[in-house]
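J.: After the structure tokens below, expect a handful of questions from me.
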Amino acid sequence: MTDSAGPPSASSSSERGAGDATRTRSVVELVRLVRRQAPDEGVRRERVAAHPVQDELMGLPSRRRMQEAIDGALENLRAGCDPSAVLLIDVDAPAGPGETWLGTLSQRLRTTLHPDDLVARFGGDLFVLVARDIADEAAAHELAAQLKRSLEQPSQAGDASTRMHVSIGVSMVREEDPSVDAVVARADAAMYAARNKASREARGDATCPPESSREELVEAAFERSAIEDFDVYYQPIADLRCGSVAAVEAVMRWEHPDLGTIAPGEFLPLAERLGQMVTLGRSAIEKACAQTIRWAATRDGRPMRTCINVSPSQVVDPAFMEDIMSALAHSGATGHQLALELTEEALALMPPGMLEALVDARVELVFDHAGRDVSPSSIANLPVSMIKLDRSFVASATDDMAPQILLEAARLSQSLGLPAVAKGVDTRAQLRSLLLCGVQLAQGRFFARPQSGPAIEALVYRERPFASLLAPPPAMLGTRALEGEAPTVEAGGSPAQ
């Protein structure tokens with residue numbers, strides 16, 4: 001990840017070892033080649049104009065012609081013409097002089113395909129076929145199978161018989177495709193899946209790329225990303241006693257133009273591994289503090305607090321406290337409007353004096369991922385104002401009776417005298433179990449999904465947006481928990497802020 005947007009640096013192509021019939025081409029390299037060709041529309045056209053239209057060694061069109069052909073296929077499809085397909089062909093060539101197998105490949109491609117089709121050399125042993133007037137994916141798949149049979153026929157060189165192996169991925173050109181990159185990326189995902197099969201059979205258009213392929217695509221995109229590409233979304237924390245918004249949790253989101261929504265579980269481990277977690281975390285805290293102040297000004301004096309996860313790598317960063325104080329100062333937020341969610345690991349790694357410094361700054365601390373193995377004594381001596389229960393507590397709640405594990409969590413909260421937040425509340429049944437146990441706070445899709453700051457304003461501004469969700473239905477009245485009477489939902493104020 002870079003600190004500012006800009007075109008990626010060029011990637012060198014992989015060298016093919018002699019006799020290595022199982023060479024693996026990096027998907028990251030593939031995407032970089034495509035991206036290098038077209039970082040944006042203006043630069044793309046300038047760079048395309050500088051490339052030759054033909055590969056001199058094989059007499060095939062080059063990447064420039066491939067780009068133009070797919071652009072044309074997109075335009076034709078949007079104009080109502082027949083669809084086209086893009087086939088990405090990866091060749092494992094036999095040992096021997098390159099000119100020999102390249103000449104054989106070129107000849108077979110020319111004799112197998114329709115005159116209107118275009119075959120371009122993408123680079124190295126990778127080729128792209130743009131096939132016009134393809135009725136549907138089944139027809140494209142049949143074309144790929146036919147092409148594979150033709151290319152893999154044995155060749156006679158003197159007394160020796162040689163044979164190349166190919167893996168083919170197929171992607172239909174779609175009207176909604178935003179760019180050439182999107183089409184090629186799908187074909188690459190399908191080719192990657194084909195290459196991982198023993199038969200290397202041609203694979204159809206992969207709507208959902210294989211997990212391993214997507215991981216590499218996400219990593220390639222992350223390495224080219226800028227900090228401005230990442231947004232902060234907010235999920236409300238509901239007060240189950242009255243239906244108000246007690247706080248919000250800030251979560252990072254990444255909307256990629258080609259890969260779509262990339263979940264935090266996909267890119268945060270990358271940020272940790274590539275040493276970018278501190279940069280991402282700093283940006284998230286700055287944005288969250290600024291948004292909190294915008295909300296607080298319109299809540300008629302009702303306090304507003306934003307919780308945000310802090311990773312172990314952030315707390316050990318020497319500039320962490322400086323980043324916190326800077327975010328508060330620049331936004332005008334006070335410490336009690338910011339709550340840092342810390343796991344047991346992060347708390348254990350905190351340098352001496354940091355907890356005290358955060359308390360002096362009035363920053364709220366939340367013990368995150370409190371599980372069954374957490375004892376009250378391990379939290380009692382910490383200056384935390386809230387605990388967040390592990391999702392496993394809520395996941396076990398599937399009916400109107402509170403499971404034992406949830407009752408244990410409620411007792412943990414009560415013994416500490418701290419409000420507990422139940423995460424991952426997705427169903428009414430889970431909510432009922434929480435009410436039966438006396439859990440005070442909850443968040444999850446049942447209340448609201450994470451949304452952008454402006455999108456969630458309607459919930460934040462309203463006094464009791466979740467009150468209607470808390471009214472127990474008649475069937476629930478008189479229901480007892482496993483031990484004791486079911487608690488009454490009180491119409492009280494928010495927890496102490």
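Naming scheme: A, B, ... for chains in displayed order of the structure tokens; residues 1 onward per chain; ligands 1 onward as shown.
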For the alpha helix (DSSP H) assignment from backbone DSSP, which residues of segment 268-389 of chain A qualify? Please present them as a PDB file with C-alpha atoms, in the first residue's frame.
T.:
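Generated output (selection-v4.pdb):
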ATOM      1  CA  LEU A 268      -6.475  -6.390   7.642  1.00  0.00           C
ATOM      2  CA  PRO A 269      -4.279  -9.523   7.867  1.00  0.00           C
ATOM      3  CA  LEU A 270      -2.485  -8.209   4.765  1.00  0.00           C
ATOM      4  CA  ALA A 271      -2.001  -4.847   6.457  1.00  0.00           C
ATOM      5  CA  GLU A 272      -0.490  -6.599   9.472  1.00  0.00           C
ATOM      6  CA  ARG A 273       1.802  -8.765   7.369  1.00  0.00           C
ATOM      7  CA  MET A 277      -1.631  -1.687  10.059  1.00  0.00           C
ATOM      8  CA  VAL A 278      -0.333   1.354  11.912  1.00  0.00           C
ATOM      9  CA  THR A 279      -0.980   3.601   8.909  1.00  0.00           C
ATOM     10  CA  LEU A 280      -4.489   2.228   8.375  1.00  0.00           C
ATOM     11  CA  GLY A 281      -5.301   2.423  12.079  1.00  0.00           C
ATOM     12  CA  ARG A 282      -4.107   6.014  12.360  1.00  0.00           C
ATOM     13  CA  SER A 283      -6.298   7.050   9.433  1.00  0.00           C
ATOM     14  CA  ALA A 284      -9.331   5.235  10.870  1.00  0.00           C
ATOM     15  CA  ILE A 285      -8.978   6.933  14.266  1.00  0.00           C
ATOM     16  CA  GLU A 286      -8.643  10.368  12.642  1.00  0.00           C
ATOM     17  CA  LYS A 287     -11.763   9.849  10.507  1.00  0.00           C
ATOM     18  CA  ALA A 288     -13.753   8.403  13.406  1.00  0.00           C
ATOM     19  CA  CYS A 289     -12.971  11.318  15.704  1.00  0.00           C
ATOM     20  CA  ALA A 290     -13.937  13.847  13.030  1.00  0.00           C
ATOM     21  CA  GLN A 291     -17.226  12.063  12.327  1.00  0.00           C
ATOM     22  CA  THR A 292     -18.075  11.810  16.037  1.00  0.00           C
ATOM     23  CA  ILE A 293     -17.815  15.567  16.439  1.00  0.00           C
ATOM     24  CA  ARG A 294     -20.123  16.132  13.452  1.00  0.00           C
ATOM     25  CA  TRP A 295     -22.737  13.870  15.049  1.00  0.00           C
ATOM     26  CA  ALA A 296     -22.354  15.244  18.567  1.00  0.00           C
ATOM     27  CA  PRO A 312      -1.437  -5.185  19.005  1.00  0.00           C
ATOM     28  CA  SER A 313       0.861  -3.763  16.317  1.00  0.00           C
ATOM     29  CA  GLN A 314      -0.640  -0.319  16.881  1.00  0.00           C
ATOM     30  CA  VAL A 315      -0.145  -0.214  20.640  1.00  0.00           C
ATOM     31  CA  PHE A 320       0.609   5.516  19.072  1.00  0.00           C
ATOM     32  CA  MET A 321      -0.153   7.916  21.931  1.00  0.00           C
ATOM     33  CA  GLU A 322       0.894  10.854  19.796  1.00  0.00           C
ATOM     34  CA  ASP A 323      -1.486   9.665  17.052  1.00  0.00           C
ATOM     35  CA  ILE A 324      -4.373   9.447  19.548  1.00  0.00           C
ATOM     36  CA  MET A 325      -3.777  12.887  20.973  1.00  0.00           C
ATOM     37  CA  SER A 326      -3.316  14.383  17.508  1.00  0.00           C
ATOM     38  CA  ALA A 327      -6.616  12.906  16.271  1.00  0.00           C
ATOM     39  CA  LEU A 328      -8.464  14.286  19.302  1.00  0.00           C
ATOM     40  CA  ALA A 329      -6.860  17.715  18.974  1.00  0.00           C
ATOM     41  CA  HIS A 330      -7.466  18.106  15.246  1.00  0.00           C
ATOM     42  CA  SER A 331     -11.076  16.981  15.443  1.00  0.00           C
ATOM     43  CA  GLU A 344      -6.207  -9.307  25.914  1.00  0.00           C
ATOM     44  CA  GLU A 345      -3.113  -9.575  23.676  1.00  0.00           C
ATOM     45  CA  ALA A 346      -3.073  -5.861  22.916  1.00  0.00           C
ATOM     46  CA  LEU A 347      -3.440  -4.990  26.595  1.00  0.00           C
ATOM     47  CA  ALA A 348      -0.575  -7.317  27.498  1.00  0.00           C
ATOM     48  CA  LEU A 349       1.716  -5.694  24.908  1.00  0.00           C
ATOM     49  CA  MET A 354       0.376   3.762  28.238  1.00  0.00           C
ATOM     50  CA  LEU A 355      -2.739   2.661  30.124  1.00  0.00           C
ATOM     51  CA  GLU A 356      -2.249   5.487  32.591  1.00  0.00           C
ATOM     52  CA  ALA A 357      -1.714   7.989  29.769  1.00  0.00           C
ATOM     53  CA  LEU A 358      -4.949   6.905  28.062  1.00  0.00           C
ATOM     54  CA  VAL A 359      -6.864   7.189  31.330  1.00  0.00           C
ATOM     55  CA  ASP A 360      -5.391  10.664  31.932  1.00  0.00           C
ATOM     56  CA  PRO A 376     -13.405 -11.640  36.284  1.00  0.00           C
ATOM     57  CA  SER A 377     -10.053 -11.210  38.037  1.00  0.00           C
ATOM     58  CA  SER A 378      -8.257 -10.695  34.693  1.00  0.00           C
ATOM     59  CA  ILE A 379     -10.479  -7.709  33.912  1.00  0.00           C
ATOM     60  CA  ALA A 380     -11.246  -6.330  37.374  1.00  0.00           C
TER      61      ALA A 380
END
J.: Segment 112-191 of chain A near segment 236-257 of chain A within 12 Å: what's each residue's closest atom pair and its distance in Å to one decimal, counting only C-alpha atoms, ordered by chain then ascending residue number, as a Markdown table?
T.:
| residue | atom | partner | partner_atom | distance |
| --- | --- | --- | --- | --- |
| A:Glu176 | CA | A:Pro257 | CA | 11.9 |
| A:Asp177 | CA | A:Pro257 | CA | 10.0 |
| A:Pro178 | CA | A:Pro257 | CA | 7.8 |
| A:Ser179 | CA | A:Pro257 | CA | 9.3 |
| A:Val180 | CA | A:Pro257 | CA | 11.9 |
| A:Asp181 | CA | A:Pro257 | CA | 9.8 |
| A:Ala182 | CA | A:Pro257 | CA | 8.6 |
| A:Ala185 | CA | A:Pro257 | CA | 11.8 |
J.: Using DSSP on the backbone, list every residue of segment 330-470 of chain A that comes out as strand (DSSP E or B), and give them as JSON, numbers by chain.
T.: {"A": [338, 339, 340, 341, 342, 364, 365, 366, 367, 368, 369, 370, 386, 387, 388, 389, 420, 421, 422, 441, 442, 451]}
J.: What's the separation between atom CA of Leu118 of chain A and atom CA of Glu152 of chain A, in Å to one decimal place?
T.: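 Interatomic distance here is 19.9 Å.
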J.: For Phe446 of chain A, which residue among A:Gly275, A:Pro154, A:Pro465, A:Gly424 is the nearest when counting only C-alpha atoms?
T.: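 Ranked by minimum distance to Phe446 of chain A, first place goes to A:Gly424.
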J.: Considering only C-alpha atoms, state which residue in the set A:Thr111, A:Gln451, A:Gln430, A:Gln67 is at the smallest distance from Val394 of chain A.
T.: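 Smallest distance to Val394 of chain A is found for A:Gln430.
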J.: So which residues touch Ser171 of chain A within 12 Å, counting only C-alpha atoms, skipping near sequence neighbours fewer than 2 positions away, as a ChimeraX atom specification?
T.: /A:70,83-89,128-131,134,136-141,144,168-169,173-174,177,180-191,202-209
J.: Write the residues of the selection above to a file with N, CA and C atoms, as a tab-separated table (two decimals), in the first residue's frame.
T.:
chain	number	residue	atom	x	y	z
A	70	ILE	N	-10.95	-5.72	-26.66
A	70	ILE	CA	-11.90	-5.88	-25.55
A	70	ILE	C	-12.70	-4.59	-25.36
A	83	PRO	N	-22.63	-10.95	-27.95
A	83	PRO	CA	-21.56	-10.92	-26.94
A	83	PRO	C	-20.25	-11.50	-27.44
A	84	SER	N	-19.20	-11.22	-26.72
A	84	SER	CA	-17.87	-11.76	-26.99
A	84	SER	C	-17.36	-12.46	-25.75
A	85	ALA	N	-16.32	-13.26	-25.93
A	85	ALA	CA	-15.70	-13.96	-24.81
A	85	ALA	C	-14.20	-13.70	-24.83
A	86	VAL	N	-13.60	-13.68	-23.67
A	86	VAL	CA	-12.15	-13.55	-23.54
A	86	VAL	C	-11.61	-14.83	-22.94
A	87	LEU	N	-10.63	-15.44	-23.64
A	87	LEU	CA	-10.00	-16.66	-23.17
A	87	LEU	C	-8.54	-16.35	-22.84
A	88	LEU	N	-8.14	-16.65	-21.63
A	88	LEU	CA	-6.76	-16.46	-21.21
A	88	LEU	C	-6.07	-17.82	-21.27
A	89	ILE	N	-4.99	-17.93	-22.07
A	89	ILE	CA	-4.33	-19.20	-22.35
A	89	ILE	C	-2.92	-19.17	-21.77
A	128	VAL	N	-3.97	-14.10	-25.02
A	128	VAL	CA	-5.38	-13.71	-24.84
A	128	VAL	C	-6.10	-13.86	-26.17
A	129	LEU	N	-7.24	-14.53	-26.14
A	129	LEU	CA	-8.10	-14.67	-27.31
A	129	LEU	C	-9.38	-13.88	-27.06
A	130	VAL	N	-9.71	-12.98	-27.96
A	130	VAL	CA	-10.99	-12.27	-27.93
A	130	VAL	C	-11.84	-12.88	-29.04
A	131	ALA	N	-12.83	-13.68	-28.63
A	131	ALA	CA	-13.68	-14.40	-29.58
A	131	ALA	C	-15.00	-13.65	-29.74
A	134	ILE	N	-20.04	-14.88	-29.67
A	134	ILE	CA	-20.18	-16.09	-28.86
A	134	ILE	C	-21.54	-16.03	-28.18
A	136	ASP	N	-23.11	-17.73	-25.75
A	136	ASP	CA	-23.22	-17.78	-24.30
A	136	ASP	C	-21.97	-18.45	-23.73
A	137	GLU	N	-21.97	-18.64	-22.43
A	137	GLU	CA	-20.80	-19.21	-21.78
A	137	GLU	C	-20.56	-20.65	-22.22
A	138	ALA	N	-21.64	-21.41	-22.47
A	138	ALA	CA	-21.46	-22.79	-22.91
A	138	ALA	C	-20.71	-22.84	-24.24
A	139	ALA	N	-21.04	-21.92	-25.15
A	139	ALA	CA	-20.34	-21.88	-26.44
A	139	ALA	C	-18.87	-21.49	-26.24
A	140	ALA	N	-18.62	-20.57	-25.32
A	140	ALA	CA	-17.24	-20.17	-25.05
A	140	ALA	C	-16.46	-21.33	-24.45
A	141	HIS	N	-17.11	-22.08	-23.58
A	141	HIS	CA	-16.45	-23.23	-22.97
A	141	HIS	C	-16.12	-24.29	-24.03
A	144	ALA	N	-13.11	-23.19	-25.92
A	144	ALA	CA	-11.90	-23.40	-25.14
A	144	ALA	C	-11.46	-24.86	-25.17
A	168	ILE	N	-6.68	-22.94	-19.69
A	168	ILE	CA	-7.49	-21.89	-20.31
A	168	ILE	C	-8.59	-21.44	-19.35
A	169	GLY	N	-8.69	-20.15	-19.19
A	169	GLY	CA	-9.77	-19.56	-18.41
A	169	GLY	C	-10.68	-18.75	-19.31
A	173	VAL	N	-17.67	-11.27	-21.83
A	173	VAL	CA	-17.69	-9.81	-21.69
A	173	VAL	C	-19.09	-9.40	-21.26
A	174	ARG	N	-19.19	-8.64	-20.17
A	174	ARG	CA	-20.48	-8.25	-19.62
A	174	ARG	C	-20.72	-6.76	-19.82
A	177	ASP	N	-19.36	-4.48	-17.15
A	177	ASP	CA	-17.93	-4.44	-16.86
A	177	ASP	C	-17.41	-3.01	-16.93
A	180	VAL	N	-11.52	-3.03	-19.14
A	180	VAL	CA	-10.85	-4.22	-19.66
A	180	VAL	C	-10.29	-5.05	-18.52
A	181	ASP	N	-9.78	-4.36	-17.47
A	181	ASP	CA	-9.18	-5.05	-16.34
A	181	ASP	C	-10.13	-6.06	-15.72
A	182	ALA	N	-11.40	-5.69	-15.58
A	182	ALA	CA	-12.38	-6.56	-14.93
A	182	ALA	C	-12.57	-7.85	-15.72
A	183	VAL	N	-12.60	-7.73	-17.04
A	183	VAL	CA	-12.79	-8.91	-17.88
A	183	VAL	C	-11.59	-9.84	-17.77
A	184	VAL	N	-10.39	-9.28	-17.87
A	184	VAL	CA	-9.18	-10.09	-17.82
A	184	VAL	C	-8.99	-10.72	-16.44
A	185	ALA	N	-9.35	-9.98	-15.39
A	185	ALA	CA	-9.21	-10.52	-14.04
A	185	ALA	C	-10.09	-11.76	-13.84
A	186	ARG	N	-11.30	-11.74	-14.39
A	186	ARG	CA	-12.18	-12.91	-14.27
A	186	ARG	C	-11.63	-14.09	-15.06
A	187	ALA	N	-11.12	-13.81	-16.26
A	187	ALA	CA	-10.53	-14.88	-17.06
A	187	ALA	C	-9.31	-15.47	-16.35
A	188	ASP	N	-8.54	-14.61	-15.69
A	188	ASP	CA	-7.38	-15.09	-14.96
A	188	ASP	C	-7.79	-16.00	-13.80
A	189	ALA	N	-8.86	-15.61	-13.08
A	189	ALA	CA	-9.32	-16.45	-11.96
A	189	ALA	C	-9.74	-17.83	-12.46
A	190	ALA	N	-10.42	-17.86	-13.60
A	190	ALA	CA	-10.84	-19.14	-14.17
A	190	ALA	C	-9.64	-19.96	-14.64
A	191	MET	N	-8.66	-19.28	-15.22
A	191	MET	CA	-7.46	-19.99	-15.67
A	191	MET	C	-6.68	-20.56	-14.49
A	202	ALA	N	-10.32	-26.72	-19.46
A	202	ALA	CA	-10.77	-25.34	-19.56
A	202	ALA	C	-11.89	-25.11	-18.58
A	203	ARG	N	-11.84	-24.00	-17.86
A	203	ARG	CA	-12.84	-23.68	-16.87
A	203	ARG	C	-13.67	-22.50	-17.36
A	204	GLY	N	-14.93	-22.50	-16.99
A	204	GLY	CA	-15.82	-21.42	-17.40
A	204	GLY	C	-15.62	-20.18	-16.55
A	205	ASP	N	-16.38	-19.16	-16.90
A	205	ASP	CA	-16.33	-17.86	-16.24
A	205	ASP	C	-16.55	-18.03	-14.75
A	206	ALA	N	-15.60	-17.59	-13.95
A	206	ALA	CA	-15.69	-17.73	-12.50
A	206	ALA	C	-16.36	-16.50	-11.91
A	207	THR	N	-17.64	-16.60	-11.57
A	207	THR	CA	-18.33	-15.48	-10.95
A	207	THR	C	-17.67	-15.16	-9.62
A	208	CYS	N	-17.38	-16.19	-8.82
A	208	CYS	CA	-16.63	-16.03	-7.58
A	208	CYS	C	-15.28	-16.69	-7.78
A	209	PRO	N	-14.19	-15.94	-7.88
A	209	PRO	CA	-12.90	-16.53	-8.11
A	209	PRO	C	-12.54	-17.52	-7.01
J.: Could you check the closest approach to Leu274 of chain A for each of A:Tyr233, A:Val366, A:Glu219, A:Lys388 and tell me which residue wins, using only C-alpha atoms?
T.: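 Closest to Leu274 of chain A of all the choices is A:Glu219.
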J.: Could you check how far atom CA of Tyr234 of chain A sits from atom CA of His336 of chain A, in Å to one decimal?
T.: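 These two atoms are separated by 17.8 Å.
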J.: Atom CA of Leu151 of chain A and atom CA of Arg108 of chain A are how many Å apart?
T.: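 Between atom CA of Leu151 of chain A and atom CA of Arg108 of chain A the gap works out to 6.5 Å.
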